[in-house]
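Text of run_19.txt, listed as compact mmCIF, C-alpha atoms and all ligand atoms:
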# COMPACT_ATOMS: atom_id res chain seq x y z
CA MET X 144 -17.31 123.68 162.72
CA THR X 145 -14.59 125.36 160.73
CA THR X 146 -12.75 128.20 162.43
CA TRP X 147 -13.60 130.79 159.80
CA ARG X 148 -17.21 130.66 160.87
CA LEU X 149 -16.25 132.23 164.17
CA THR X 150 -16.11 135.71 162.82
CA ARG X 151 -17.71 137.71 165.61
CA ARG X 152 -15.48 140.14 167.43
CA HIS X 153 -16.71 141.06 170.83
CA LEU X 154 -15.75 144.42 172.21
CA LEU X 155 -15.81 144.40 175.96
CA GLN X 156 -15.95 147.57 177.93
CA GLY X 157 -13.10 147.75 180.34
CA ALA X 158 -11.50 144.51 179.16
CA ALA X 159 -7.74 144.59 178.73
CA GLY X 160 -6.77 145.21 175.12
CA ALA X 161 -10.31 146.00 174.07
CA MET X 162 -11.79 149.29 173.02
CA VAL X 163 -11.05 152.14 175.42
CA VAL X 164 -14.29 153.60 176.74
CA PRO X 165 -14.44 156.69 178.96
CA TYR X 166 -15.19 155.60 182.53
CA PHE X 167 -18.36 157.64 182.80
CA PHE X 168 -20.05 155.58 180.10
CA SER X 169 -19.95 152.35 182.01
CA ALA X 170 -19.76 151.03 185.52
CA ALA X 171 -19.38 147.34 184.70
CA PRO X 172 -17.91 145.33 181.83
CA LYS X 173 -20.53 144.30 179.32
CA VAL X 174 -20.75 143.46 175.66
CA LEU X 175 -20.75 146.71 173.73
CA ALA X 176 -21.24 145.32 170.28
CA ALA X 177 -20.55 142.21 168.28
CA GLU X 178 -19.12 142.67 164.87
CA PHE X 179 -18.27 140.33 162.07
CA THR X 180 -14.77 140.59 160.71
CA LEU X 181 -13.38 139.76 157.30
CA PRO X 182 -11.82 136.30 157.68
CA GLU X 183 -8.25 135.89 156.46
CA LEU X 184 -7.72 134.24 153.11
CA PRO X 185 -6.49 130.64 153.34
CA TRP X 186 -3.62 131.48 150.94
CA ALA X 187 -1.60 134.53 149.82
CA PRO X 188 -3.42 136.96 147.49
CA ASP X 189 -1.05 136.08 144.63
CA ALA X 190 -1.08 132.33 145.27
CA LEU X 191 -3.70 131.49 142.63
CA GLN X 192 -1.91 133.27 139.78
CA PRO X 193 -2.03 133.05 136.83
CA LEU X 194 -5.47 131.40 136.94
CA MET X 195 -6.82 134.02 139.34
CA SER X 196 -4.80 137.21 139.53
CA LYS X 197 -3.79 139.12 142.63
CA GLU X 198 -5.73 142.05 141.19
CA THR X 199 -8.88 139.95 141.12
CA ILE X 200 -8.32 138.86 144.72
CA ASP X 201 -7.56 142.42 145.80
CA PHE X 202 -10.92 143.54 144.42
CA HIS X 203 -13.01 140.44 145.02
CA TYR X 204 -11.81 139.84 148.57
CA GLY X 205 -10.43 143.24 149.56
CA LYS X 206 -13.31 145.31 148.17
CA HIS X 207 -16.41 143.19 147.51
CA HIS X 208 -16.17 140.66 150.34
CA ALA X 209 -14.99 143.37 152.74
CA ALA X 210 -17.91 145.61 151.78
CA TYR X 211 -20.42 142.87 152.59
CA VAL X 212 -18.88 142.58 156.07
CA THR X 213 -18.98 146.35 156.59
CA ASN X 214 -22.56 146.60 155.34
CA LEU X 215 -23.71 143.73 157.54
CA ASN X 216 -22.18 145.32 160.63
CA LYS X 217 -24.00 148.57 159.86
CA LEU X 218 -27.34 146.80 159.34
CA LEU X 219 -27.41 144.53 162.39
CA PRO X 220 -27.57 146.79 165.47
CA GLY X 221 -31.06 146.96 166.93
CA THR X 222 -32.37 144.04 164.88
CA PRO X 223 -33.30 140.53 166.10
CA TYR X 224 -30.21 139.28 164.21
CA GLU X 225 -27.54 141.29 166.01
CA ASN X 226 -26.42 138.47 168.30
CA MET X 227 -26.91 135.56 165.94
CA SER X 228 -24.17 133.59 164.26
CA LEU X 229 -23.65 134.18 160.56
CA GLU X 230 -25.30 130.85 159.70
CA GLU X 231 -28.34 131.70 161.84
CA ILE X 232 -28.75 135.06 160.13
CA VAL X 233 -28.51 133.43 156.70
CA GLN X 234 -31.11 130.86 157.67
CA LYS X 235 -33.51 133.19 159.49
CA ALA X 236 -33.36 136.62 157.85
CA PRO X 237 -36.06 137.31 155.25
CA PRO X 238 -35.10 138.44 151.74
CA GLY X 239 -33.54 141.89 151.98
CA PRO X 240 -30.32 143.71 152.82
CA ILE X 241 -29.46 141.76 156.01
CA PHE X 242 -29.86 138.40 154.29
CA ASN X 243 -28.04 139.58 151.17
CA ASN X 244 -24.99 140.87 153.02
CA ALA X 245 -24.85 138.01 155.55
CA ALA X 246 -25.13 135.37 152.84
CA GLN X 247 -22.55 137.11 150.69
CA VAL X 248 -20.14 137.13 153.64
CA TRP X 249 -20.71 133.41 154.20
CA ASN X 250 -20.65 132.48 150.52
CA HIS X 251 -17.40 134.30 149.81
CA THR X 252 -15.60 132.89 152.83
CA PHE X 253 -16.73 129.45 151.75
CA PHE X 254 -15.65 130.11 148.17
CA TRP X 255 -12.09 131.04 149.19
CA ASN X 256 -11.84 127.77 151.07
CA CYS X 257 -13.02 125.92 147.96
CA LEU X 258 -9.90 127.16 146.12
CA SER X 259 -6.29 126.19 146.60
CA PRO X 260 -3.00 126.83 144.80
CA LYS X 261 -2.53 123.06 145.09
CA GLY X 262 -6.07 122.36 143.87
CA GLY X 263 -7.53 120.74 140.80
CA GLY X 264 -7.87 117.13 139.82
CA GLU X 265 -10.55 114.88 141.18
CA PRO X 266 -11.86 114.11 144.67
CA LYS X 267 -10.78 110.97 146.46
CA GLY X 268 -12.34 108.61 148.96
CA LYS X 269 -15.94 108.84 150.12
CA LEU X 270 -16.68 112.07 148.26
CA ALA X 271 -15.47 110.53 145.00
CA ASP X 272 -17.70 107.50 145.64
CA ALA X 273 -20.70 109.70 146.44
CA ILE X 274 -20.22 111.80 143.31
CA GLU X 275 -20.01 108.65 141.18
CA GLU X 276 -23.10 107.23 142.85
CA HIS X 277 -25.17 110.39 142.34
CA PHE X 278 -23.95 111.60 138.97
CA GLY X 279 -22.67 108.47 137.21
CA SER X 280 -19.06 109.58 136.95
CA PHE X 281 -16.83 112.47 137.92
CA ALA X 282 -16.82 113.63 134.29
CA ASP X 283 -20.63 113.71 134.23
CA PHE X 284 -20.71 115.61 137.52
CA GLN X 285 -18.14 118.11 136.27
CA GLN X 286 -20.05 118.68 133.04
CA GLN X 287 -23.33 119.19 134.88
CA PHE X 288 -21.75 121.58 137.41
CA THR X 289 -20.02 123.50 134.60
CA ASP X 290 -23.29 123.83 132.67
CA THR X 291 -25.02 125.07 135.81
CA ALA X 292 -22.31 127.66 136.47
CA VAL X 293 -22.04 128.86 132.88
CA LYS X 294 -25.78 129.05 132.17
CA LEU X 295 -26.84 130.70 135.43
CA PHE X 296 -28.47 133.95 134.33
CA GLY X 297 -27.06 137.06 135.92
CA SER X 298 -25.26 136.97 139.27
CA GLY X 299 -25.17 133.94 141.52
CA TRP X 300 -23.48 130.77 142.64
CA ALA X 301 -23.19 127.16 141.48
CA TRP X 302 -23.07 124.60 144.28
CA LEU X 303 -22.54 120.99 145.14
CA ALA X 304 -24.64 120.39 148.25
CA ARG X 305 -25.70 117.49 150.46
CA ASP X 306 -29.10 117.19 152.12
CA LYS X 307 -29.75 115.68 155.55
CA ASP X 308 -30.27 112.24 153.97
CA GLY X 309 -26.89 112.35 152.29
CA LYS X 310 -28.24 113.02 148.81
CA LEU X 311 -25.94 115.20 146.67
CA SER X 312 -27.25 117.85 144.31
CA ILE X 313 -25.93 120.49 141.97
CA GLU X 314 -27.72 123.76 142.47
CA ALA X 315 -27.77 127.27 141.07
CA THR X 316 -28.69 130.18 143.31
CA SER X 317 -29.22 133.76 142.22
CA ASN X 318 -27.59 136.74 143.87
CA ALA X 319 -26.76 135.80 147.50
CA GLY X 320 -28.76 132.57 147.58
CA THR X 321 -27.27 129.51 149.27
CA PRO X 322 -28.27 125.88 149.93
CA LEU X 323 -28.03 126.75 153.66
CA GLN X 324 -31.50 128.30 153.29
CA ALA X 325 -32.89 124.85 152.53
CA GLY X 326 -30.98 123.27 155.42
CA LYS X 327 -28.44 121.65 153.09
CA THR X 328 -24.70 121.41 153.60
CA PRO X 329 -22.68 123.15 150.88
CA LEU X 330 -19.68 121.09 149.77
CA LEU X 331 -18.39 123.23 146.90
CA THR X 332 -19.23 126.51 145.24
CA CYS X 333 -18.23 128.60 142.27
CA ASP X 334 -18.94 132.32 142.41
CA VAL X 335 -20.25 133.39 139.01
CA TRP X 336 -20.88 137.03 139.80
CA GLU X 337 -19.14 139.04 137.09
CA HIS X 338 -16.83 140.58 139.71
CA ALA X 339 -15.31 137.09 140.13
CA TYR X 340 -13.89 136.95 136.63
CA TYR X 341 -14.13 140.25 134.77
CA ILE X 342 -10.56 141.39 135.47
CA ASP X 343 -8.98 138.10 134.34
CA TYR X 344 -11.44 136.79 131.79
CA ARG X 345 -13.62 139.79 130.88
CA ASN X 346 -17.03 138.40 129.93
CA ALA X 347 -15.78 134.85 129.28
CA ARG X 348 -17.41 133.02 132.19
CA PRO X 349 -16.68 129.57 130.67
CA LYS X 350 -12.93 130.29 130.81
CA PHE X 351 -13.24 131.30 134.45
CA VAL X 352 -15.08 128.06 135.25
CA GLU X 353 -12.28 126.15 133.49
CA ALA X 354 -9.81 127.90 135.79
CA PHE X 355 -12.01 127.11 138.79
CA TRP X 356 -11.61 123.38 138.10
CA LYS X 357 -7.82 123.78 138.18
CA LEU X 358 -8.01 125.44 141.58
CA VAL X 359 -10.78 123.44 143.24
CA ASN X 360 -9.89 122.28 146.74
CA TRP X 361 -11.27 118.75 146.93
CA ASP X 362 -9.65 118.13 150.30
CA TYR X 363 -11.78 120.91 151.77
CA ALA X 364 -14.98 119.64 150.14
CA ALA X 365 -14.24 116.15 151.43
CA SER X 366 -13.82 117.49 154.97
CA LEU X 367 -17.40 118.80 155.16
FE FE V 401 -18.06 137.33 144.60

For the structure just supplied, provide its representation as structure tokens.
Ligand SMILES: [Fe+2]
Amino acid sequence: MTTWRLTRRHLLQGAAGAMVVPYFFSAAPKVLAAEFTLPELPWAPDALQPLMSKETIDFHYGKHHAAYVTNLNKLLPGTPYENMSLEEIVQKAPPGPIFNNAAQVWNHTFFWNCLSPKGGGEPKGKLADAIEEHFGSFADFQQQFTDTAVKLFGSGWAWLARDKDGKLSIEATSNAGTPLQAGKTPLLTCDVWEHAYYIDYRNARPKFVEAFWKLVNWDYAASL
């Protein structure tokens, strides 16, 4: 399990360094609330320039991703999902605000890890072999993934995913959708919501996807 998935912050009453609670509210330490926090980016906000500007990251991560975390924390208290992990919420919540915000938190954190200032090129090793086996060649895979990302109507995500039998697939999901819902393991994603590219590329999604390929973190995908 990657460390960024551990995004719950537990506030303990009476625990050193935790939230200060007036003594008359509590006699014994107990979990007050569990909140998700915005995971740190795996690189500096300006590290992907000029392909992805700091301004884009400031909005995409600092505003959009952060808002999904805030919204999720507001929605969870008193629901059956309040003590679940992010992955459990994504897999168990029905369509609606809790699913949408939880999945958008997960998807964005995953997306940042799929990018690297040292990215680009082609995968190596077992992942390269699997891509060749399933798609014929890396070039064919890249073309098919690009088509999926560019042609996806409206907001959503393009994915490379692996099912429990090891079969790879390229998938398009709308809005907050994710292969996790089908029990698959995401290996790579490209966020094609307009907020991902409008500052740098305006409406030119194909140019953004071109940039994505120059930033793609194959080492991360291969680690999954
Ligand atoms: Fe996004």

Around ligand FE 401 (chain V), which protein and nucleic acid residues have at least one atom no more than 7 Å from it, if we count only C-alpha atoms and all ligand atoms? List them as a ChimeraX atom specification. /X:203,207-208,251,334,336,338-339

Shortest contact to Glu265 of chain X, candidates X:Trp300, X:Phe281, X:Phe288, X:Tyr204, atoms counted all atoms listed in the file, goes to X:Phe281

Compile the contact shell of Gln285 of chain X as a short mmCIF file (atom, residue, chain, number, x, y, z; two decimals) with C-alpha atoms, in the coordinates of the input: residues with an atom at most 12 Å away, counting only C-alpha atoms, same-chain residues fewer than 2 positions apart removed.
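Writing the result to selection-v1.cif gives the following:
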data_model
loop_
_atom_site.label_atom_id
_atom_site.label_comp_id
_atom_site.auth_asym_id
_atom_site.auth_seq_id
_atom_site.Cartn_x
_atom_site.Cartn_y
_atom_site.Cartn_z
CA GLY X 263 -7.53 120.74 140.80
CA GLY X 264 -7.87 117.13 139.82
CA GLU X 265 -10.55 114.88 141.18
CA PRO X 266 -11.86 114.11 144.67
CA ALA X 271 -15.47 110.53 145.00
CA ILE X 274 -20.22 111.80 143.31
CA GLU X 275 -20.01 108.65 141.18
CA PHE X 278 -23.95 111.60 138.97
CA GLY X 279 -22.67 108.47 137.21
CA SER X 280 -19.06 109.58 136.95
CA PHE X 281 -16.83 112.47 137.92
CA ALA X 282 -16.82 113.63 134.29
CA ASP X 283 -20.63 113.71 134.23
CA GLN X 287 -23.33 119.19 134.88
CA PHE X 288 -21.75 121.58 137.41
CA THR X 289 -20.02 123.50 134.60
CA ASP X 290 -23.29 123.83 132.67
CA THR X 291 -25.02 125.07 135.81
CA ALA X 292 -22.31 127.66 136.47
CA VAL X 293 -22.04 128.86 132.88
CA ALA X 301 -23.19 127.16 141.48
CA TRP X 302 -23.07 124.60 144.28
CA LEU X 303 -22.54 120.99 145.14
CA ILE X 313 -25.93 120.49 141.97
CA LEU X 331 -18.39 123.23 146.90
CA VAL X 352 -15.08 128.06 135.25
CA GLU X 353 -12.28 126.15 133.49
CA PHE X 355 -12.01 127.11 138.79
CA TRP X 356 -11.61 123.38 138.10
CA LYS X 357 -7.82 123.78 138.18
CA VAL X 359 -10.78 123.44 143.24
#

Segment 294-307 of chain X, all listed atoms, 6 Å padding on each side: what axis-aligned box centre and edge lengths in Å to one decimal come out, as JSON?
{"center_x": -26.1, "center_y": 126.4, "center_z": 143.9, "size_x": 19.2, "size_y": 33.4, "size_z": 35.4}

List the neighbours of Phe254 of chain X out to 9 Å using only C-alpha atoms; skip same-chain residues closer than 4 positions along the sequence, and give me the result as number ranges by chain. X: 249-250, 258, 331-334

Of X:Thr328, X:Pro240, X:Ala304, X:Thr252, the one nearest to Pro185 of chain X when counting all atoms listed in the file is X:Thr252

Counting only C-alpha atoms, the residue of X:Thr199, X:Phe179, X:Ala354, X:Ile241 that sits nearest Ser228 of chain X: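 Among X:Thr199, X:Phe179, X:Ala354, X:Ile241, it is X:Phe179 that comes nearest to Ser228 of chain X.
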
Determine the nearest neighbour of Tyr344 of chain X from the options X:Pro237, X:Gly299, X:Pro193, X:Pro182, counting all atoms listed in the file. X:Pro193

Of the candidates X:Ile232, X:Ile342, X:Ala190, X:Leu184, which one gets nearest to Gly262 of chain X if we count all atoms listed in the file? X:Ala190

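The space between atom CA of Phe284 of chain X and atom CA of Ser312 of chain X spans 9.7 Å.
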
Mind pulling up the distance from atom CA of Thr180 of chain X to atom CA of Ala209 of chain X?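 So the two atoms, atom CA of Ala209 of chain X and atom CA of Thr180 of chain X, lie 8.4 Å apart.
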
Computed interatomic separation between atom CA of Asp306 of chain X and atom CA of Val233 of chain X (Å):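 So the answer is 16.9 Å.
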
Counting only C-alpha atoms, the option among X:Gln234, X:Ser259, X:Ser196, X:Asn226 closest to Leu358 of chain X: X:Ser259

From the block I gave, I'd like segment 306-327 of chain X written with C-alpha atoms, as an mmCIF file, in the first residue's frame.
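As a result, part.cif now contains:
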data_model
loop_
_atom_site.group_PDB
_atom_site.id
_atom_site.type_symbol
_atom_site.label_atom_id
_atom_site.label_comp_id
_atom_site.auth_asym_id
_atom_site.auth_seq_id
_atom_site.Cartn_x
_atom_site.Cartn_y
_atom_site.Cartn_z
ATOM 1 C CA ASP X 306 -7.980 -6.916 -13.491
ATOM 2 C CA LYS X 307 -7.518 -9.697 -10.939
ATOM 3 C CA ASP X 308 -6.439 -12.095 -13.705
ATOM 4 C CA GLY X 309 -3.691 -9.760 -14.840
ATOM 5 C CA LYS X 310 -5.481 -8.583 -17.964
ATOM 6 C CA LEU X 311 -4.726 -4.962 -18.899
ATOM 7 C CA SER X 312 -7.353 -2.610 -20.276
ATOM 8 C CA ILE X 313 -7.685 0.994 -21.333
ATOM 9 C CA GLU X 314 -10.791 2.546 -19.883
ATOM 10 C CA ALA X 315 -12.668 5.830 -19.921
ATOM 11 C CA THR X 316 -14.692 6.870 -16.892
ATOM 12 C CA SER X 317 -16.991 9.865 -16.662
ATOM 13 C CA ASN X 318 -16.881 12.413 -13.875
ATOM 14 C CA ALA X 319 -15.404 10.718 -10.765
ATOM 15 C CA GLY X 320 -15.558 7.152 -12.084
ATOM 16 C CA THR X 321 -12.635 4.814 -11.458
ATOM 17 C CA PRO X 322 -11.671 1.202 -12.277
ATOM 18 C CA LEU X 323 -11.582 0.629 -8.492
ATOM 19 C CA GLN X 324 -15.379 0.338 -8.660
ATOM 20 C CA ALA X 325 -14.975 -2.793 -10.774
ATOM 21 C CA GLY X 326 -12.302 -4.209 -8.455
ATOM 22 C CA LYS X 327 -9.503 -3.411 -10.904
#
